[in-house]
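Visitor: Questions regarding the structure given below will be posed in turn.
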Amino acid sequence: MSTTTCIPVYTPQALALAQPDPGVLRKAQRGDERAFSLIVRAYETPIYNYVLRLVNGDRALAEDLTQEVFLRVYQGLPKFSLRSKFTTWLFQVTKNRVLDELRAFERRPRALVALDDIAPLEVLDAPVERLEEIDALWRAVEDLTVDLKMALLLRDVVGLSYTEIADSLEITLATVKWRIYKAREEVQLALAREGITFGTPAVAEQR
């Protein structure tokens, strides 16, 4: 079985996140609550969905962390450089808050969440007859290490470019490419063990 340079056969439709309107962003930096609410409204769902998968479907925890992420964003906006990409910085803040929580997780054990309780991501529009396969897919993703999972979700679900992921996770571009390749490979192997495929493999991405 060859595992060389293949993107996953399960690749979902990624959400390409646009940058906020510069005028709105400048107003939010000056403390304009209405402008900031527009920013929250634009990015709250993708951030929540991303965090939800990182904490393996714990909705209450994902909601709390999402609120805390935007609190940190609000507090840090005055110092944010408009020369930088907002979404890159937003996912940096998210990464740092989630990692803080995961490091403290062993000291605050939580009840396991049943797979049936995990809300499906809106970017996946699978037919009903494929729900079992989709469940298997997300179980495979959940079994990844945090580093691999973060990189994979930012690419295949959030839709960030490799460069944006490198900036968001504060790692090199080569490391991003390796983590995404490794994550996709591990997910493919896990699905193959269950006899599951999601279409036809494609050629590796070059972006």
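Residues are referred to by chain and number: the chain letter is A, B, ... according to the order shown in the structure tokens, the number counts from 1 in that chain, and ligands are numbered separately from 1 in the order shown.
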Would you give me, as number ranges by chain, the residues in range 36-111 of chain A that DSSP reads as alpha helix (DSSP H)?
Guide: A: 36-54, 59-76, 86-104
Visitor: Taking 2 positions as the minimum chain separation for residues in the same chain, which residues sit within 12 Å of Gly195 in chain A when counting only C-alpha atoms? Answer as an MDAnalysis selection string.
Guide: chainID A and resid 132:133 136:137 188:193 197:198
Visitor: Just want the 8 Å neighbourhood of range 89-92 of chain A, counted on only C-alpha atoms, with same-chain residues fewer than 6 positions away dropped. Output as a VMD selection string.
Guide: chain A and resid 47 73 167 to 170
Visitor: Kindly save the residues from that selection, with C-alpha atoms included, as a compact mmCIF listing (two decimals), in the first residue's frame.
Guide:
# COMPACT_ATOMS: atom_id res chain seq x y z
CA ILE A 47 -13.20 29.09 15.79
CA VAL A 73 -8.54 38.99 21.02
CA ASP A 167 2.42 31.63 11.07
CA SER A 168 -0.57 30.63 13.20
CA LEU A 169 1.17 27.68 14.85
CA GLU A 170 4.52 29.51 14.94
Visitor: Looking at A:Arg155, A:Arg72, A:Arg139, A:Arg30, which one is nearest to Arg97 in chain A, with distances taken over only C-alpha atoms?
Guide: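 Closest residue, counting only C-alpha atoms: A:Arg72.
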Visitor: Write out as a VMD selection string each polymer residue whose atoms come within 12 Å of Ser37 in chain A, counting only C-alpha atoms; drop sequence neighbours fewer than 3 positions from it.
Guide: chain A and resid 20 24 to 25 27 to 29 31 to 34 40 to 44 70 to 71 73 to 74
Visitor: Nearest to Ala140 in chain A: which of A:Val176, A:Leu99, A:Arg53, A:Glu164 is it, counting only C-alpha atoms?
Guide: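 So, comparing all the options, the nearest one is A:Arg53.
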Visitor: Could you check the closest approach to Phe36 in chain A for each of A:Ala18, A:Leu77, A:Ala166, A:Ala60 and tell me which residue wins, using only C-alpha atoms?
Guide: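 Closest to Phe36 in chain A, using only C-alpha atoms: A:Leu77.
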Visitor: What is the distance between CA of Trp138 in chain A and CA of Ala174 in chain A, in Å to one decimal?
Guide: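 Spanning CA of Trp138 in chain A to CA of Ala174 in chain A is a straight-line distance of 25.4 Å.
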Visitor: Rank nothing, just name the residue among A:Pro78, A:Pro46, A:Gly159, A:Gly23 nearest to Thr94 in chain A, using only C-alpha atoms.
Guide: A:Pro46
Visitor: I'd like the neighbourhood of Leu54 in chain A as a ChimeraX atom specification, where a residue qualifies if any of its atoms comes within 12 Å (using only C-alpha atoms), though same-chain residues fewer than 5 positions away should be ignored.
Guide: /A:47-49,59,61-62,65-66,94-95,97-99,101-102,118,138-139,141-154
Visitor: Residues at most 8 Å from Leu17 in chain A, counting only C-alpha atoms, excluding those fewer than 5 positions away in the same chain, as a ChimeraX atom specification?
Guide: /A:87,158-160
Visitor: Please produce an output containing all heavy atoms for each residue in the selection, written as a short mmCIF file (atom, residue, chain, number, x, y, z; two decimals), in the first residue's frame.
Guide:
data_model
loop_
_atom_site.label_atom_id
_atom_site.label_comp_id
_atom_site.auth_asym_id
_atom_site.auth_seq_id
_atom_site.Cartn_x
_atom_site.Cartn_y
_atom_site.Cartn_z
N THR A 87 -6.54 36.75 10.54
CA THR A 87 -6.88 35.35 10.78
C THR A 87 -5.69 34.55 11.29
O THR A 87 -5.85 33.65 12.11
CB THR A 87 -7.43 34.69 9.50
OG1 THR A 87 -6.51 34.91 8.42
CG2 THR A 87 -8.79 35.26 9.13
N VAL A 158 -10.54 24.51 8.18
CA VAL A 158 -10.57 25.98 8.19
C VAL A 158 -10.18 26.54 6.83
O VAL A 158 -10.72 27.56 6.39
CB VAL A 158 -9.64 26.53 9.29
CG1 VAL A 158 -9.64 28.06 9.28
CG2 VAL A 158 -10.09 26.02 10.65
N GLY A 159 -9.26 25.87 6.13
CA GLY A 159 -8.89 26.31 4.79
C GLY A 159 -7.74 27.29 4.72
O GLY A 159 -7.58 27.99 3.72
N LEU A 160 -6.91 27.35 5.76
CA LEU A 160 -5.75 28.24 5.71
C LEU A 160 -4.69 27.67 4.78
O LEU A 160 -4.59 26.47 4.57
CB LEU A 160 -5.15 28.40 7.12
CG LEU A 160 -6.02 29.04 8.20
CD1 LEU A 160 -5.18 29.29 9.46
CD2 LEU A 160 -6.67 30.32 7.73
#
Visitor: Between CA of Tyr162 in chain A and CA of Asp100 in chain A, what distance in Å does the model show, to one decimal?
Guide: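 These two atoms are separated by 23.7 Å.
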Visitor: Between A:Ile165, A:Ile180, A:Ala35, A:Ile134, which residue has the minimum interatomic distance to Ile196 in chain A, considering only C-alpha atoms?
Guide: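 Checking each of A:Ile165, A:Ile180, A:Ala35, A:Ile134 against Ile196 in chain A, counting only C-alpha atoms, the winner is A:Ile134.
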Visitor: Rounded to one decimal, what separation in Å do you get between CA of Pro22 in chain A and CA of Glu68 in chain A?
Guide: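 Atom-to-atom, CA of Pro22 in chain A and CA of Glu68 in chain A are spaced 23.4 Å apart.
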